[in-house]
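Novice: Sending over coords.pdb (PDB, C-alpha atoms).
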ATOM      1  CA  MET A   1       5.533  -0.482  47.009
ATOM      2  CA  SER A   2       5.886  -1.602  43.408
ATOM      3  CA  ARG A   3       2.733  -1.855  41.310
ATOM      4  CA  LEU A   4       4.430  -4.118  38.745
ATOM      5  CA  ALA A   5       3.317  -7.715  38.173
ATOM      6  CA  LEU A   6       4.561 -10.552  35.954
ATOM      7  CA  LEU A   7       2.179 -12.833  34.070
ATOM      8  CA  ARG A   8       3.678 -16.066  32.774
ATOM      9  CA  ALA A   9       2.310 -18.074  29.854
ATOM     10  CA  SER A  10       1.095 -20.660  32.386
ATOM     11  CA  ASP A  11      -1.172 -17.913  33.817
ATOM     12  CA  TYR A  12      -2.956 -17.433  30.483
ATOM     13  CA  ARG A  13      -6.268 -19.114  29.613
ATOM     14  CA  ARG A  14      -6.557 -20.844  26.206
ATOM     15  CA  VAL A  15     -10.025 -21.496  24.762
ATOM     16  CA  ARG A  16     -11.210 -23.056  21.490
ATOM     17  CA  TRP A  17     -13.581 -20.874  19.467
ATOM     18  CA  LYS A  18     -17.238 -21.890  19.320
ATOM     19  CA  ASN A  19     -17.070 -21.995  15.498
ATOM     20  CA  ASP A  20     -13.924 -24.190  15.698
ATOM     21  CA  GLY A  21     -11.975 -21.737  13.506
ATOM     22  CA  GLY A  22      -9.190 -21.022  15.967
ATOM     23  CA  TRP A  23      -8.042 -20.416  19.524
ATOM     24  CA  THR A  24      -7.991 -17.467  21.911
ATOM     25  CA  THR A  25      -5.293 -17.230  24.557
ATOM     26  CA  GLU A  26      -6.415 -14.673  27.105
ATOM     27  CA  ILE A  27      -3.400 -12.865  28.574
ATOM     28  CA  ALA A  28      -5.201 -10.546  30.993
ATOM     29  CA  ARG A  29      -8.493  -8.797  31.657
ATOM     30  CA  ASP A  30      -9.917  -6.246  34.053
ATOM     31  CA  PRO A  31     -11.761  -7.171  36.117
ATOM     32  CA  ILE A  32     -10.328 -10.678  36.419
ATOM     33  CA  ASP A  33     -13.713 -12.203  37.335
ATOM     34  CA  GLU A  34     -15.084 -13.765  34.135
ATOM     35  CA  ALA A  35     -18.650 -13.410  35.432
ATOM     36  CA  LEU A  36     -18.302  -9.618  35.079
ATOM     37  CA  ASP A  37     -18.080  -7.592  31.878
ATOM     38  CA  PHE A  38     -14.467  -6.645  31.202
ATOM     39  CA  ARG A  39     -13.325  -3.010  31.045
ATOM     40  CA  TRP A  40     -10.361  -4.230  28.988
ATOM     41  CA  ARG A  41      -9.131  -7.581  27.703
ATOM     42  CA  VAL A  42      -5.913  -8.603  25.915
ATOM     43  CA  SER A  43      -5.456 -11.886  24.078
ATOM     44  CA  ILE A  44      -3.628 -13.721  21.325
ATOM     45  CA  ALA A  45      -5.802 -15.189  18.553
ATOM     46  CA  ASP A  46      -4.668 -18.137  16.449
ATOM     47  CA  ILE A  47      -6.880 -18.019  13.355
ATOM     48  CA  GLU A  48      -6.904 -21.377  11.557
ATOM     49  CA  SER A  49      -9.682 -20.998   8.973
ATOM     50  CA  ASP A  50     -11.856 -18.469   7.154
ATOM     51  CA  GLY A  51     -14.965 -17.272   8.940
ATOM     52  CA  PRO A  52     -16.789 -14.455  10.717
ATOM     53  CA  PHE A  53     -15.383 -12.570  13.682
ATOM     54  CA  SER A  54     -17.391 -12.852  16.886
ATOM     55  CA  LEU A  55     -19.552  -9.832  17.669
ATOM     56  CA  PHE A  56     -18.773  -7.722  20.760
ATOM     57  CA  PRO A  57     -21.374  -4.916  20.919
ATOM     58  CA  GLY A  58     -20.207  -1.839  22.812
ATOM     59  CA  VAL A  59     -16.535  -2.831  22.541
ATOM     60  CA  ASP A  60     -13.707  -1.142  20.623
ATOM     61  CA  ARG A  61     -11.130  -3.544  19.219
ATOM     62  CA  ASP A  62      -7.523  -3.390  18.024
ATOM     63  CA  LEU A  63      -5.897  -6.238  16.092
ATOM     64  CA  VAL A  64      -2.176  -6.471  15.243
ATOM     65  CA  LEU A  65      -0.744  -9.204  12.978
ATOM     66  CA  LEU A  66       2.063 -11.032  14.787
ATOM     67  CA  SER A  67       2.796 -13.888  12.363
ATOM     68  CA  GLY A  68       1.467 -15.608   9.264
ATOM     69  CA  ALA A  69       0.730 -14.363   5.755
ATOM     70  CA  GLY A  70      -2.226 -12.320   6.961
ATOM     71  CA  MET A  71      -5.897 -11.999   6.102
ATOM     72  CA  ASP A  72      -8.445 -10.120   4.069
ATOM     73  CA  LEU A  73     -11.149  -8.534   6.216
ATOM     74  CA  GLU A  74     -14.536  -7.892   4.642
ATOM     75  CA  PHE A  75     -16.528  -5.332   6.652
ATOM     76  CA  ALA A  76     -20.289  -4.861   6.381
ATOM     77  CA  ASP A  77     -19.926  -1.131   7.114
ATOM     78  CA  ARG A  78     -16.656  -0.071   5.441
ATOM     79  CA  ALA A  79     -14.211  -0.914   2.652
ATOM     80  CA  PRO A  80     -12.378  -4.266   2.793
ATOM     81  CA  LEU A  81      -8.880  -4.316   4.235
ATOM     82  CA  ARG A  82      -5.870  -6.581   3.699
ATOM     83  CA  ILE A  83      -3.723  -7.190   6.796
ATOM     84  CA  ALA A  84      -0.537  -8.706   5.389
ATOM     85  CA  GLU A  85       2.377  -6.858   6.999
ATOM     86  CA  ARG A  86       3.816  -8.002  10.310
ATOM     87  CA  PHE A  87       2.677  -5.612  13.088
ATOM     88  CA  GLN A  88       0.054  -4.066  10.791
ATOM     89  CA  HIS A  89      -2.712  -2.665  12.992
ATOM     90  CA  VAL A  90      -6.460  -2.264  12.487
ATOM     91  CA  HIS A  91      -8.987  -0.600  14.819
ATOM     92  CA  PHE A  92     -12.706  -1.446  14.562
ATOM     93  CA  ARG A  93     -15.973  -1.585  16.488
ATOM     94  CA  GLY A  94     -16.874  -4.912  18.060
ATOM     95  CA  GLU A  95     -20.424  -4.825  16.685
ATOM     96  CA  SER A  96     -19.143  -4.604  13.083
ATOM     97  CA  GLU A  97     -19.884  -7.665  10.976
ATOM     98  CA  ILE A  98     -16.513  -8.860   9.652
ATOM     99  CA  HIS A  99     -15.621 -11.903   7.601
ATOM    100  CA  CYS A 100     -12.002 -13.077   7.598
ATOM    101  CA  ARG A 101     -10.329 -14.823   4.652
ATOM    102  CA  LEU A 102      -6.830 -16.113   5.337
ATOM    103  CA  ILE A 103      -4.293 -15.282   2.616
ATOM    104  CA  ALA A 104      -2.098 -18.384   2.981
ATOM    105  CA  GLY A 105      -2.619 -20.400   6.130
ATOM    106  CA  PRO A 106      -3.059 -19.619   9.826
ATOM    107  CA  THR A 107      -2.215 -16.308  11.488
ATOM    108  CA  ARG A 108      -1.425 -15.230  15.035
ATOM    109  CA  ASP A 109      -2.776 -11.853  16.149
ATOM    110  CA  PHE A 110      -2.545  -9.590  19.195
ATOM    111  CA  ASN A 111      -6.006  -8.428  20.266
ATOM    112  CA  VAL A 112      -7.014  -5.611  22.581
ATOM    113  CA  MET A 113     -10.652  -4.968  23.522
ATOM    114  CA  VAL A 114     -12.037  -2.145  25.666
ATOM    115  CA  ARG A 115     -15.563  -1.417  26.834
ATOM    116  CA  ARG A 116     -16.573   1.734  24.965
ATOM    117  CA  GLY A 117     -17.260   4.621  27.340
ATOM    118  CA  ALA A 118     -15.400   2.899  30.208
ATOM    119  CA  MET A 119     -11.864   2.721  28.784
ATOM    120  CA  ARG A 120      -9.828   3.544  25.727
ATOM    121  CA  ALA A 121      -6.619   1.877  24.562
ATOM    122  CA  GLU A 122      -3.466   2.876  22.737
ATOM    123  CA  VAL A 123      -1.778  -0.127  21.106
ATOM    124  CA  LEU A 124       1.837  -0.072  19.891
ATOM    125  CA  ALA A 125       4.346  -2.566  18.506
ATOM    126  CA  ARG A 126       7.909  -1.531  19.400
ATOM    127  CA  PRO A 127      11.408  -2.981  19.158
ATOM    128  CA  LEU A 128      13.326  -3.003  22.427
ATOM    129  CA  VAL A 129      16.994  -2.246  21.897
ATOM    130  CA  GLY A 130      18.592  -1.005  25.101
ATOM    131  CA  SER A 131      16.047   0.884  27.187
ATOM    132  CA  MET A 132      12.637   2.527  26.982
ATOM    133  CA  VAL A 133      10.632   4.446  29.602
ATOM    134  CA  ILE A 134       6.897   4.316  30.340
ATOM    135  CA  PHE A 135       4.953   6.431  32.820
ATOM    136  CA  PRO A 136       2.008   4.668  34.520
ATOM    137  CA  GLU A 137       0.174   7.753  35.768
ATOM    138  CA  ALA A 138      -2.638   7.654  38.308
ATOM    139  CA  ASP A 139      -5.214   7.062  35.572
ATOM    140  CA  ALA A 140      -3.225   4.818  33.190
ATOM    141  CA  GLU A 141      -2.378   1.120  33.219
ATOM    142  CA  TRP A 142       0.187  -0.491  30.903
ATOM    143  CA  LEU A 143       0.373  -4.056  29.618
ATOM    144  CA  ILE A 144       3.749  -5.022  28.112
ATOM    145  CA  TYR A 145       3.728  -8.309  26.196
ATOM    146  CA  VAL A 146       7.201  -9.624  25.268
ATOM    147  CA  HIS A 147       6.602 -10.985  21.779
ATOM    148  CA  ALA A 148      10.261 -11.922  21.209
ATOM    149  CA  GLY A 149      13.489 -11.672  23.181
ATOM    150  CA  GLN A 150      13.514 -10.593  26.812
ATOM    151  CA  ALA A 151      12.869  -7.514  28.909
ATOM    152  CA  VAL A 152      13.404  -6.306  32.453
ATOM    153  CA  ALA A 153      11.093  -3.729  34.039
ATOM    154  CA  ARG A 154      12.853  -1.598  36.667
ATOM    155  CA  HIS A 155      11.221   0.663  39.204
ATOM    156  CA  GLY A 156      13.312   1.957  42.069
ATOM    157  CA  ASP A 157      15.124  -1.010  43.631
ATOM    158  CA  SER A 158      12.717  -3.595  42.232
ATOM    159  CA  GLN A 159      12.955  -5.338  38.886
ATOM    160  CA  ILE A 160      10.847  -7.889  37.028
ATOM    161  CA  PRO A 161      12.431  -9.940  34.232
ATOM    162  CA  ALA A 162      10.157 -11.252  31.460
ATOM    163  CA  ALA A 163      10.998 -13.779  28.758
ATOM    164  CA  SER A 164       9.419 -14.186  25.335
ATOM    165  CA  GLY A 165       5.694 -14.880  25.721
ATOM    166  CA  GLU A 166       5.456 -13.302  29.179
ATOM    167  CA  THR A 167       3.707 -10.086  30.195
ATOM    168  CA  ILE A 168       4.393  -7.247  32.624
ATOM    169  CA  LEU A 169       1.522  -5.211  34.057
ATOM    170  CA  ALA A 170       2.208  -1.705  35.362
ATOM    171  CA  ARG A 171      -0.863  -0.753  37.351
ATOM    172  CA  PRO A 172      -2.085   2.827  37.826
ATOM    173  CA  ASP A 173      -0.433   4.520  40.778
ATOM    174  CA  SER A 174       0.314   8.188  41.293
ATOM    175  CA  GLY A 175       3.456   7.237  43.223
ATOM    176  CA  LEU A 176       4.884   4.740  40.743
ATOM    177  CA  GLY A 177       6.657   7.274  38.555
ATOM    178  CA  ARG A 178       8.625   6.023  35.613
ATOM    179  CA  VAL A 179       9.269   2.389  34.739
ATOM    180  CA  VAL A 180      12.391   1.612  32.722
ATOM    181  CA  LEU A 181      12.233  -1.309  30.298
ATOM    182  CA  GLU A 182      15.588  -2.797  29.287
ATOM    183  CA  GLY A 183      16.510  -5.717  27.078
ATOM    184  CA  ALA A 184      16.394  -6.806  23.474
ATOM    185  CA  GLY A 185      13.442  -8.007  21.462
ATOM    186  CA  GLU A 186       9.963  -6.954  20.365
ATOM    187  CA  LEU A 187       7.189  -5.652  22.603
ATOM    188  CA  MET A 188       3.469  -5.185  22.235
ATOM    189  CA  LEU A 189       2.323  -2.308  24.444
ATOM    190  CA  ALA A 190      -1.241  -1.500  25.450
ATOM    191  CA  LYS A 191      -1.990   1.612  27.491
ATOM    192  CA  PHE A 192      -5.427   1.791  29.101
ATOM    193  CA  VAL A 193      -6.924   5.071  30.257
ATOM    194  CA  ALA A 194     -10.371   6.296  31.230
ATOM    195  CA  PRO A 195     -12.036   8.294  28.435
TER     196      PRO A 195
END
With the file now loaded, output its structure as structure tokens.
Specialist:
Amino acid sequence: MSRLALLRASDYRRVRWKNDGGWTTEIARDPIDEALDFRWRVSIADIESDGPFSLFPGVDRDLVLLSGAGMDLEFADRAPLRIAERFQHVHFRGESEIHCRLIAGPTRDFNVMVRRGAMRAEVLARPLVGSMVIFPEADAEWLIYVHAGQAVARHGDSQIPAASGETILARPDSGLGRVVLEGAGELMLAKFVAP
């Protein structure tokens, strides 16, 4: 039985920030129940104005610039950082006090959060030209967000096509073996494993 699932953009949840500085589009989380603390959460952030990042104590975060001119991040506990290159990646602790200053207008960012001590994440931006293989082992779960273009995930006789803006989840399963991704475009990959 395939452990692959497709999430369409209509499945995502879009929420305005409390400080009115942007929007979060939640792609997926585990567990799904919002009343429970997540082990991992993946979203797209549309940052519209300067301001502080929300605090997430006990959470490790990864941010990847998808579009826009970028931002300057001022950290309370480390040197400032300019994120201005497409697919530039920064890793930081959710309890860090960070102030964001947009360089030239709004940005769109890929965000991955994991509960420290419960999960860890590897986050990659990759072009898809032809095929690529991932291995969802018994202790690893993959989220594949199609940022541009299209992709098809194949496992055995089953296949799941995904268009731009859609997501494929490959859940942990010792019997799943390899999953072949084929197509053309740009992918954001997040691999979640227990520490």
Novice: Specify as a PyMOL selection string each residue included when the PyMOL selection byres ((chain A and resi 126) around 9) is applied to this file.
Specialist: chain A and resi 124-125+127-128+185-189
Novice: Please evaluate the PyMOL selection byres ((chain A and resi 86-92) around 6) against the structure above and give the resulting residues as a ChimeraX atom specification.
Specialist: /A:61-66,85,93
Novice: Kindly resolve the PyMOL selection byres ((chain A and resi 139) around 6) on the present coordinates and return the residues as a list in words.
Specialist: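 Selected by the PyMOL selection byres ((chain A and resi 139) around 6) here: Glu137, Ala138, Ala140, Pro172 and Val193 of chain A.
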Novice: Just to be explicit: take each residue in the selection above, keep C-alpha atoms, and write the result as a CSV table (one decimal), in the frame of the given file.
Specialist:
chain,number,residue,atom,x,y,z
A,137,GLU,CA,0.2,7.8,35.8
A,138,ALA,CA,-2.6,7.7,38.3
A,140,ALA,CA,-3.2,4.8,33.2
A,172,PRO,CA,-2.1,2.8,37.8
A,193,VAL,CA,-6.9,5.1,30.3
Novice: Quote the spacing between atom CA of Val179 of chain A and atom CA of Trp40 of chain A in Å to one decimal place.
Specialist: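 Atom CA of Trp40 of chain A lies 21.5 Å from atom CA of Val179 of chain A.
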Novice: Enclose segment 85-103 of chain A, meaning all of its atoms listed in the file, in a box aligned along x, y and z, pad it by 5 Å on each side, and list the centre and edge lengths in Å to one decimal, as JSON.
Specialist:
{"center_x": -8.3, "center_y": -8.4, "center_z": 10.3, "size_x": 34.2, "size_y": 25.5, "size_z": 25.4}
Novice: Each residue of segment 61-111 of chain A with at least one atom at most 12 Å from segment 12-26 of chain A should appear once, together with its nearest atom pair and the corresponding distance in Å (one decimal); atoms considered: all atoms listed in the file; ordering: chain, then increasing residue number; output as a tab-separated table.
Specialist:
residue	atom	partner	partner_atom	distance
A:Cys100	CA	A:Gly21	CA	10.5
A:Arg101	CA	A:Gly21	CA	11.4
A:Leu102	CA	A:Gly21	CA	11.2
A:Gly105	CA	A:Gly22	CA	11.8
A:Pro106	CA	A:Gly22	CA	8.8
A:Thr107	CA	A:Gly22	CA	9.5
A:Arg108	CA	A:Trp23	CA	9.5
A:Asp109	CA	A:Thr24	CA	9.6
A:Phe110	CA	A:Thr25	CA	9.7
A:Asn111	CA	A:Glu26	CA	9.3
Novice: Go through A:Phe192, A:Ala9, A:Pro136, A:Phe56 one by one, measure the shortest atom-to-atom distance of each to Ile44 of chain A using all atoms listed in the file, and give the residue with the smallest value.
Specialist: A:Ala9
Novice: Leaving out Trp142 of chain A and any residue of its chain fewer than 3 positions from it, which residues lie within 7 Å of it when counting all atoms listed in the file, given as a PyMOL selection string?
Specialist: chain A and resi 136+169-171+190-192
